[in-house]
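Reading through the structure tokens given below for one structure.
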Amino acid sequence: MTSKPGFSHTQSRLQEIAEDVLKTARKCGASACEMDISEGFGQSVSVRMGAVDTIEYNRDKGVEITVYIGQQRGQASTSDFSRAALRSAVDAALSIARFTAPDPCAGLADKASMARECPDLDLYHPWNIEVDDAIELARRCEEAAFAVDRSIRNSEGANVSTHQSHFVSANSLGFMGGFSSTRHGLSCAVIAGEGDAMQREYWHDARRDATELLRVEDVGRIAGERALARLGAKKIRTRQVPVIFEAPLAVGLVGNFVQAASGGALYRRSSFLLDTLGQQVFSPVIHISERPHLKKAFGATWFDSDGVATHEREVVADGILQGYFLSTYSARKLGLQTTGNAGGSHNLRVKAGEDDLGALLRKMDKGLLVTELLGHGINYVTGDYSRGAVGFWVEKGKIKHPVQEITIAGNLRDMFRNIVAVGNDALARGAKHCGSILIENMKIAGQ
């Protein structure tokens with residue numbers, strides 16, 4: 001197999017290195033071994049105020065090796081692929097394992113759970129764009145933002161990025177899998193107004209295939225329109241009202257759910273979703289599915305970080321929690337079975353309702369549309385939620401004026417159960433897809 005353009009090693013060569021590491025670990029006394037080897041490279045170009053701001057190239061590679069001596073575990077890594085360096089990394093991992101207390105839950109996943117086939121998920125679409133062309137795209141993106149209105153006078157820049165990577169995961173039970181993937185992105189951030197009345201906003205897009213990215217002019221225009229819409233923002237008085245989380249923020253609520261429903265938080269008993277399997281966690285309107293085998297999707301994979309096969313499943317149905325997110329280790333700690341989620345969730349989709357954002361605003365009638373969140377005030381043990389927010393005050397189903405310098409607060413338990421509707425405006429730029437979310441009631445702290 002010849003190397004793909006830009007990579008220093010072929011996929012076959014990564015597999016050979018993986019096999020050598022596993023053999024070396026076995027010869028040196030490991031009862032089991034698992035490892036990951038990866039290589040990636042990319043470029044990023046930023047333009048600010050029409051001039052080139054940064055041109056960055058990145059190239060990285062690495063091997064991470066985990067060995068077991070019975071139920072003692074050691075780990076080491078290196079960015080050197082030479083035989084001597086890999087042998088030193090194996091020795092280091094074994095040395096750590098010998099001084100580590102045995103853990104009854106440590107060890108490889110069961111052989112029967114390993115992925116056996118890894119068909120192509122169409123994740124590799126290289127974008128061989130020259131730097132000069134990337135600079136031109138970034139300029140056009142920023143120019144489109146400035147063209148929205150003369151009050152947009154400053155910029156934090158427009159960015160065009162592309163990245164390619166490939167990897168191989170393997171273990172001593174015979175599992176070996178890996179693939180190549182790409183990620184390309186556009187972004188623009190601009191500032192409208194002047195003096196104390198300045199407002200910043202941005203927009204971005206990301207895809208596996210650059211041909212599916214939004215037009216650079218559209219990214220810039222949206223960034224400009226969003227900055228312009230925030231001019232004249234004011235505080236509102238403290239009250240309790242319905243709240244809409246705009247689609248880019250709604251995926252953050254899905255991320256909060258994933259963290260609370262993940263094995264690490266559960267076996268440490270540091271999650272408000274402890275012992276909620278089979279219980280009503282969300283409003284009945286919420287359906288969340290995991291679709292790890294969708295082609296071109298971020299988060300798509302046939303196996304998790306343990307080599308365990310991934311499966312499509314319903315995580316939440318009619319608001320009822322159907323399953324946690326468990327790795328082999330966390331599942332053993334909890335006395336459950338792995339869900340193939342070592343390394344995280346794999347392409348979550350929240351079922352959309354019939355309403356677009358405009359219809360959600362009309363359904364809310366009076367309340368707050370949140371378009372930006374500030375800070376990280378979330379307590380996953382209790383579910384308490386408090387974050388700074390920016391957005392728009394809504395009356396009679398229409399945006400009345402922009403809002404700033406407020407805090408929204410509640411508890412994730414109540415927020416999840418009080419979801420009234422999910423919009424059909426999900427964005428296709430990440431591994432979690434969710435439209436805007438309308439929550440029945442939250443506390444707004446303002447004047």
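Please note that chains go A, B, ... in the order of the structure tokens, that every chain numbers its residues from 1, and that ligands are numbered from 1 in the order shown.
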
#### Entry: Near-range 104-111 of chain A list (7 Å; only C-alpha atoms; drop same-chain fewer than 2 positions) as a list in words
Tyr68, Gln71, Pro102, Ser113, Met114, Leu173, Asp306, Thr328, Tyr329, Arg332 and Lys333 of chain A

Mind dumping the selected residues with all heavy atoms as a compact mmCIF listing (two decimals), in the first residue's frame?
```
# COMPACT_ATOMS: atom_id res chain seq x y z
N TYR A 68 -0.47 -4.86 30.72
CA TYR A 68 -1.02 -5.45 31.94
C TYR A 68 -0.14 -6.59 32.39
O TYR A 68 0.33 -7.41 31.58
CB TYR A 68 -2.43 -5.98 31.69
CG TYR A 68 -3.41 -4.91 31.27
CD1 TYR A 68 -3.62 -4.62 29.92
CD2 TYR A 68 -4.13 -4.19 32.22
CE1 TYR A 68 -4.52 -3.63 29.53
CE2 TYR A 68 -5.03 -3.20 31.84
CZ TYR A 68 -5.21 -2.93 30.50
OH TYR A 68 -6.09 -1.95 30.12
N GLN A 71 -3.55 -7.99 36.69
CA GLN A 71 -4.47 -6.85 36.79
C GLN A 71 -3.75 -5.58 37.24
O GLN A 71 -4.37 -4.64 37.71
CB GLN A 71 -5.61 -7.19 37.74
CG GLN A 71 -6.54 -8.28 37.15
CD GLN A 71 -7.67 -8.64 38.08
OE1 GLN A 71 -7.46 -8.88 39.26
NE2 GLN A 71 -8.89 -8.69 37.53
N PRO A 102 -2.90 -3.97 42.05
CA PRO A 102 -3.84 -4.68 41.18
C PRO A 102 -5.23 -4.06 41.25
O PRO A 102 -5.68 -3.63 42.31
CB PRO A 102 -3.84 -6.10 41.76
CG PRO A 102 -2.56 -6.22 42.51
CD PRO A 102 -2.29 -4.85 43.06
N SER A 113 -16.50 -9.29 22.38
CA SER A 113 -17.10 -7.97 22.14
C SER A 113 -16.32 -7.13 21.14
O SER A 113 -16.77 -6.05 20.74
CB SER A 113 -17.19 -7.19 23.47
OG SER A 113 -15.90 -6.84 23.94
N MET A 114 -15.15 -7.63 20.72
CA MET A 114 -14.31 -6.84 19.81
C MET A 114 -14.94 -6.70 18.42
O MET A 114 -15.64 -7.59 17.94
CB MET A 114 -12.94 -7.51 19.65
CG MET A 114 -12.16 -7.66 20.94
SD MET A 114 -11.53 -6.08 21.52
CE MET A 114 -10.77 -6.60 23.06
N LEU A 173 -5.44 -9.53 21.99
CA LEU A 173 -6.49 -10.52 21.75
C LEU A 173 -6.77 -10.69 20.27
O LEU A 173 -7.68 -11.42 19.88
CB LEU A 173 -7.78 -10.10 22.47
CG LEU A 173 -7.77 -10.19 24.00
CD1 LEU A 173 -9.09 -9.71 24.57
CD2 LEU A 173 -7.47 -11.62 24.45
N ASP A 306 -11.57 0.82 23.26
CA ASP A 306 -11.21 -0.50 23.76
C ASP A 306 -11.19 -1.55 22.66
O ASP A 306 -10.88 -2.72 22.92
CB ASP A 306 -12.20 -0.96 24.84
CG ASP A 306 -12.11 -0.14 26.11
OD1 ASP A 306 -11.02 0.38 26.40
OD2 ASP A 306 -13.13 -0.03 26.83
N THR A 328 -15.27 -0.50 28.88
CA THR A 328 -15.09 -1.81 29.51
C THR A 328 -14.82 -1.66 31.00
O THR A 328 -15.42 -2.35 31.83
CB THR A 328 -13.93 -2.56 28.83
OG1 THR A 328 -14.25 -2.76 27.45
CG2 THR A 328 -13.69 -3.90 29.50
N TYR A 329 -13.94 -0.72 31.34
CA TYR A 329 -13.55 -0.54 32.74
C TYR A 329 -14.72 -0.04 33.59
O TYR A 329 -15.03 -0.61 34.64
CB TYR A 329 -12.38 0.44 32.83
CG TYR A 329 -11.89 0.66 34.25
CD1 TYR A 329 -11.02 -0.27 34.84
CD2 TYR A 329 -12.30 1.74 35.00
CE1 TYR A 329 -10.57 -0.10 36.14
CE2 TYR A 329 -11.87 1.92 36.31
CZ TYR A 329 -10.99 1.01 36.86
OH TYR A 329 -10.56 1.17 38.17
N ARG A 332 -17.36 -2.68 34.22
CA ARG A 332 -16.98 -3.64 35.26
C ARG A 332 -17.13 -3.04 36.65
O ARG A 332 -17.57 -3.71 37.59
CB ARG A 332 -15.54 -4.10 35.03
CG ARG A 332 -15.37 -5.02 33.82
CD ARG A 332 -13.92 -5.26 33.51
NE ARG A 332 -13.77 -6.14 32.35
CZ ARG A 332 -12.64 -6.29 31.65
NH1 ARG A 332 -11.56 -5.58 32.00
NH2 ARG A 332 -12.59 -7.09 30.63
N LYS A 333 -16.79 -1.78 36.79
CA LYS A 333 -16.92 -1.12 38.08
C LYS A 333 -18.38 -1.07 38.53
O LYS A 333 -18.68 -1.12 39.72
CB LYS A 333 -16.37 0.31 38.01
CG LYS A 333 -14.88 0.41 37.78
CD LYS A 333 -14.08 0.06 39.04
CE LYS A 333 -14.08 1.20 40.03
NZ LYS A 333 -13.19 0.92 41.19
```

### Message
Can you tell me which residues surround Ser262 in chain A at a distance of at most 8 Å, considering only C-alpha atoms, apart from same-chain residues fewer than 6 positions away, and format the answer as a ChimeraX atom specification?
### Response
/A:324-326

Writer output for current selection, all heavy atoms, as a PDB file, in the first residue's frame:
```pdb
ATOM      1  N   TYR A 324     -26.586   3.867  29.553  1.00  0.00           N
ATOM      2  CA  TYR A 324     -25.500   4.784  29.905  1.00  0.00           C
ATOM      3  C   TYR A 324     -24.444   4.780  28.802  1.00  0.00           C
ATOM      4  O   TYR A 324     -24.595   4.128  27.754  1.00  0.00           O
ATOM      5  CB  TYR A 324     -24.859   4.339  31.218  1.00  0.00           C
ATOM      6  CG  TYR A 324     -25.749   4.411  32.438  1.00  0.00           C
ATOM      7  CD1 TYR A 324     -25.862   3.314  33.302  1.00  0.00           C
ATOM      8  CD2 TYR A 324     -26.450   5.567  32.750  1.00  0.00           C
ATOM      9  CE1 TYR A 324     -26.654   3.373  34.442  1.00  0.00           C
ATOM     10  CE2 TYR A 324     -27.236   5.640  33.895  1.00  0.00           C
ATOM     11  CZ  TYR A 324     -27.340   4.536  34.729  1.00  0.00           C
ATOM     12  OH  TYR A 324     -28.121   4.599  35.858  1.00  0.00           O
ATOM     13  N   PHE A 325     -23.342   5.480  29.043  1.00  0.00           N
ATOM     14  CA  PHE A 325     -22.192   5.494  28.134  1.00  0.00           C
ATOM     15  C   PHE A 325     -21.021   4.855  28.878  1.00  0.00           C
ATOM     16  O   PHE A 325     -20.372   5.497  29.706  1.00  0.00           O
ATOM     17  CB  PHE A 325     -21.858   6.928  27.715  1.00  0.00           C
ATOM     18  CG  PHE A 325     -22.969   7.609  26.975  1.00  0.00           C
ATOM     19  CD1 PHE A 325     -23.932   8.349  27.656  1.00  0.00           C
ATOM     20  CD2 PHE A 325     -23.076   7.497  25.589  1.00  0.00           C
ATOM     21  CE1 PHE A 325     -24.970   8.974  26.987  1.00  0.00           C
ATOM     22  CE2 PHE A 325     -24.119   8.114  24.904  1.00  0.00           C
ATOM     23  CZ  PHE A 325     -25.067   8.846  25.604  1.00  0.00           C
ATOM     24  N   LEU A 326     -20.775   3.566  28.600  1.00  0.00           N
ATOM     25  CA  LEU A 326     -19.839   2.793  29.410  1.00  0.00           C
ATOM     26  C   LEU A 326     -18.676   2.247  28.593  1.00  0.00           C
ATOM     27  O   LEU A 326     -18.859   1.722  27.501  1.00  0.00           O
ATOM     28  CB  LEU A 326     -20.567   1.618  30.066  1.00  0.00           C
ATOM     29  CG  LEU A 326     -21.819   1.948  30.901  1.00  0.00           C
ATOM     30  CD1 LEU A 326     -22.431   0.667  31.440  1.00  0.00           C
ATOM     31  CD2 LEU A 326     -21.481   2.912  32.023  1.00  0.00           C
TER      32      LEU A 326
END
```

### Task
Go through range 353-440 of chain A and collect every residue that DSSP, computed from the backbone, puts in strand (DSSP E or B); the answer should be as a ChimeraX atom specification.
/A:367-374,378,384-395,398-411,419-422,432-433,437-440

#### Entry: Residue with smallest distance to Ser180 in chain A - pool A:Leu14, A:Ala431, A:Ile55, A:Ala97, counting only C-alpha atoms
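For Ser180 in chain A, the nearest of the candidates is A:Leu14.
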
For the interface of range 422-441 of chain A with range 251-257 of chain A (cut-off 8 Å, counting only C-alpha atoms), please tabulate each contacting residue of range 422-441 of chain A alongside its nearest pair of atoms and their separation in Å to one decimal, rows sorted by chain and increasing number, as JSON lines.
```
{"residue": "A:Lys432", "atom": "CA", "partner": "A:Val251", "partner_atom": "CA", "distance": 6.1}
{"residue": "A:His433", "atom": "CA", "partner": "A:Val251", "partner_atom": "CA", "distance": 6.5}
{"residue": "A:Cys434", "atom": "CA", "partner": "A:Val251", "partner_atom": "CA", "distance": 5.6}
{"residue": "A:Gly435", "atom": "CA", "partner": "A:Val251", "partner_atom": "CA", "distance": 7.9}
```

Write the residues of the selection above to a file with all heavy atoms, as a PDB file, in the first residue's frame.
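Heads up, here's the output in again.pdb:
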```
ATOM      1  N   LYS A 432     -22.683  15.815  17.663  1.00  0.00           N
ATOM      2  CA  LYS A 432     -23.975  15.842  18.342  1.00  0.00           C
ATOM      3  C   LYS A 432     -24.911  16.736  17.526  1.00  0.00           C
ATOM      4  O   LYS A 432     -24.571  17.875  17.213  1.00  0.00           O
ATOM      5  CB  LYS A 432     -23.837  16.368  19.774  1.00  0.00           C
ATOM      6  CG  LYS A 432     -22.976  15.498  20.682  1.00  0.00           C
ATOM      7  CD  LYS A 432     -22.877  16.099  22.073  1.00  0.00           C
ATOM      8  CE  LYS A 432     -22.009  15.231  22.980  1.00  0.00           C
ATOM      9  NZ  LYS A 432     -20.586  15.264  22.587  1.00  0.00           N
ATOM     10  N   HIS A 433     -26.079  16.217  17.191  1.00  0.00           N
ATOM     11  CA  HIS A 433     -27.048  16.952  16.381  1.00  0.00           C
ATOM     12  C   HIS A 433     -28.291  17.207  17.217  1.00  0.00           C
ATOM     13  O   HIS A 433     -28.941  16.271  17.687  1.00  0.00           O
ATOM     14  CB  HIS A 433     -27.433  16.153  15.130  1.00  0.00           C
ATOM     15  CG  HIS A 433     -26.339  16.095  14.118  1.00  0.00           C
ATOM     16  ND1 HIS A 433     -26.566  16.310  12.773  1.00  0.00           N
ATOM     17  CD2 HIS A 433     -25.012  15.851  14.222  1.00  0.00           C
ATOM     18  CE1 HIS A 433     -25.421  16.189  12.108  1.00  0.00           C
ATOM     19  NE2 HIS A 433     -24.472  15.909  12.981  1.00  0.00           N
ATOM     20  N   CYS A 434     -28.624  18.483  17.391  1.00  0.00           N
ATOM     21  CA  CYS A 434     -29.809  18.829  18.155  1.00  0.00           C
ATOM     22  C   CYS A 434     -30.294  20.201  17.718  1.00  0.00           C
ATOM     23  O   CYS A 434     -29.504  21.135  17.584  1.00  0.00           O
ATOM     24  CB  CYS A 434     -29.492  18.842  19.653  1.00  0.00           C
ATOM     25  SG  CYS A 434     -30.910  19.236  20.706  1.00  0.00           S
ATOM     26  N   GLY A 435     -31.581  20.319  17.484  1.00  0.00           N
ATOM     27  CA  GLY A 435     -32.155  21.612  17.165  1.00  0.00           C
ATOM     28  C   GLY A 435     -32.311  22.463  18.420  1.00  0.00           C
ATOM     29  O   GLY A 435     -32.002  22.022  19.538  1.00  0.00           O
TER      30      GLY A 435
END
```

#### Entry: Residue neighbourhood Asp355 in chain A, 12 Å, only C-alpha atoms, exclusion window fewer than 3 positions, as a PyMOL selection string
chain A and resi 351-352+358-364+420-426+435-438

### Task
Give me every helix (DSSP H, G or I) residue in range 4-179 of chain A, going by DSSP on the backbone, as a ChimeraX atom specification.
/A:11-27,83-98,111-113,131-146

### Task
Identify, on the basis of only C-alpha atoms, every residue whose closest approach to Ala85 in chain A does not exceed 12 Å; exclude the query and any residue fewer than 6 positions from it along the same chain; express the result as a PyMOL selection string.
chain A and resi 17+21+24+62-65+76-79+91-92

Could those residues be written to a file, using N, CA and C atoms, as a PDB file, in the first residue's frame?
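Done, and the output landed in again09.pdb:
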```pdb
ATOM      1  N   ILE A  17       3.964  -1.698  12.814  1.00  0.00           N
ATOM      2  CA  ILE A  17       4.503  -1.180  14.072  1.00  0.00           C
ATOM      3  C   ILE A  17       3.675  -1.680  15.244  1.00  0.00           C
ATOM      4  N   VAL A  21       4.976  -3.901  18.458  1.00  0.00           N
ATOM      5  CA  VAL A  21       4.812  -3.480  19.853  1.00  0.00           C
ATOM      6  C   VAL A  21       4.148  -4.588  20.672  1.00  0.00           C
ATOM      7  N   THR A  24       6.647  -7.345  21.259  1.00  0.00           N
ATOM      8  CA  THR A  24       7.665  -6.921  22.218  1.00  0.00           C
ATOM      9  C   THR A  24       7.117  -6.958  23.643  1.00  0.00           C
ATOM     10  N   GLY A  62       2.222   9.796  17.243  1.00  0.00           N
ATOM     11  CA  GLY A  62       2.411   9.279  18.582  1.00  0.00           C
ATOM     12  C   GLY A  62       1.976   7.834  18.717  1.00  0.00           C
ATOM     13  N   VAL A  63       2.549   7.184  19.722  1.00  0.00           N
ATOM     14  CA  VAL A  63       2.171   5.817  20.082  1.00  0.00           C
ATOM     15  C   VAL A  63       1.865   5.806  21.574  1.00  0.00           C
ATOM     16  N   GLU A  64       0.726   5.265  21.925  1.00  0.00           N
ATOM     17  CA  GLU A  64       0.367   5.098  23.335  1.00  0.00           C
ATOM     18  C   GLU A  64       0.231   3.618  23.624  1.00  0.00           C
ATOM     19  N   ILE A  65       0.956   3.148  24.614  1.00  0.00           N
ATOM     20  CA  ILE A  65       1.038   1.716  24.906  1.00  0.00           C
ATOM     21  C   ILE A  65       0.549   1.463  26.329  1.00  0.00           C
ATOM     22  N   ALA A  76       2.577   4.098  28.813  1.00  0.00           N
ATOM     23  CA  ALA A  76       3.653   4.998  28.384  1.00  0.00           C
ATOM     24  C   ALA A  76       3.394   5.396  26.941  1.00  0.00           C
ATOM     25  N   SER A  77       4.013   6.484  26.516  1.00  0.00           N
ATOM     26  CA  SER A  77       3.821   6.956  25.148  1.00  0.00           C
ATOM     27  C   SER A  77       5.117   7.524  24.602  1.00  0.00           C
ATOM     28  N   THR A  78       5.158   7.622  23.272  1.00  0.00           N
ATOM     29  CA  THR A  78       6.320   8.199  22.600  1.00  0.00           C
ATOM     30  C   THR A  78       5.894   8.730  21.240  1.00  0.00           C
ATOM     31  N   SER A  79       6.630   9.708  20.743  1.00  0.00           N
ATOM     32  CA  SER A  79       6.384  10.217  19.392  1.00  0.00           C
ATOM     33  C   SER A  79       7.456   9.716  18.422  1.00  0.00           C
ATOM     34  N   ASP A  91       9.091  -0.943  27.973  1.00  0.00           N
ATOM     35  CA  ASP A  91       9.776  -1.156  29.255  1.00  0.00           C
ATOM     36  C   ASP A  91       9.256  -0.192  30.320  1.00  0.00           C
ATOM     37  N   ALA A  92       9.034   1.058  29.919  1.00  0.00           N
ATOM     38  CA  ALA A  92       8.533   2.059  30.868  1.00  0.00           C
ATOM     39  C   ALA A  92       7.137   1.686  31.352  1.00  0.00           C
TER      40      ALA A  92
END
```

### Query
What lies within 10 Å of Arg387 in chain A using only C-alpha atoms, ignoring chain neighbours under 4 positions off, as a PyMOL selection string?
chain A and resi 372-378+406-410

Can those selected residues be exported to a file as an mmCIF file, in the first residue's frame so that it contains C-alpha atoms?
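And here's part-v1.cif as it stands now:
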```cif
data_model
loop_
_atom_site.group_PDB
_atom_site.id
_atom_site.type_symbol
_atom_site.label_atom_id
_atom_site.label_comp_id
_atom_site.auth_asym_id
_atom_site.auth_seq_id
_atom_site.Cartn_x
_atom_site.Cartn_y
_atom_site.Cartn_z
ATOM 1 C CA GLU A 372 -24.215 32.594 23.910
ATOM 2 C CA LEU A 373 -23.223 31.102 27.264
ATOM 3 C CA LEU A 374 -20.386 32.258 29.487
ATOM 4 C CA GLY A 375 -18.567 30.418 32.262
ATOM 5 C CA HIS A 376 -18.872 26.813 33.416
ATOM 6 C CA GLY A 377 -21.204 26.856 36.427
ATOM 7 C CA ILE A 378 -22.409 23.255 36.349
ATOM 8 C CA ILE A 406 -27.551 38.228 32.795
ATOM 9 C CA THR A 407 -27.305 34.799 34.384
ATOM 10 C CA ILE A 408 -29.596 31.855 33.728
ATOM 11 C CA ALA A 409 -29.998 29.284 36.479
ATOM 12 C CA GLY A 410 -31.800 26.044 37.161
#
```

### Task
Find the distance between CA of Pro119 in chain A and CA of Pro292 in chain A and write it in Å to one decimal.
12.3 Å

### Task
For CA of Gln43 in chain A and CA of Phe167 in chain A, quote the distance in Å rounded to one decimal.
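That distance, rounded to one decimal, is 18.9 Å.
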
### Selection: 8 Å around Glu34 in chain A, only C-alpha atoms, excl. self and same-chain fewer than 5 positions, as an NGL selection string
:A and (22 or 65-67 or 108 or 169-172)

### Query
What is the distance between CA of Glu290 in chain A and CA of Leu121 in chain A, in Å to one decimal?
15.5 Å
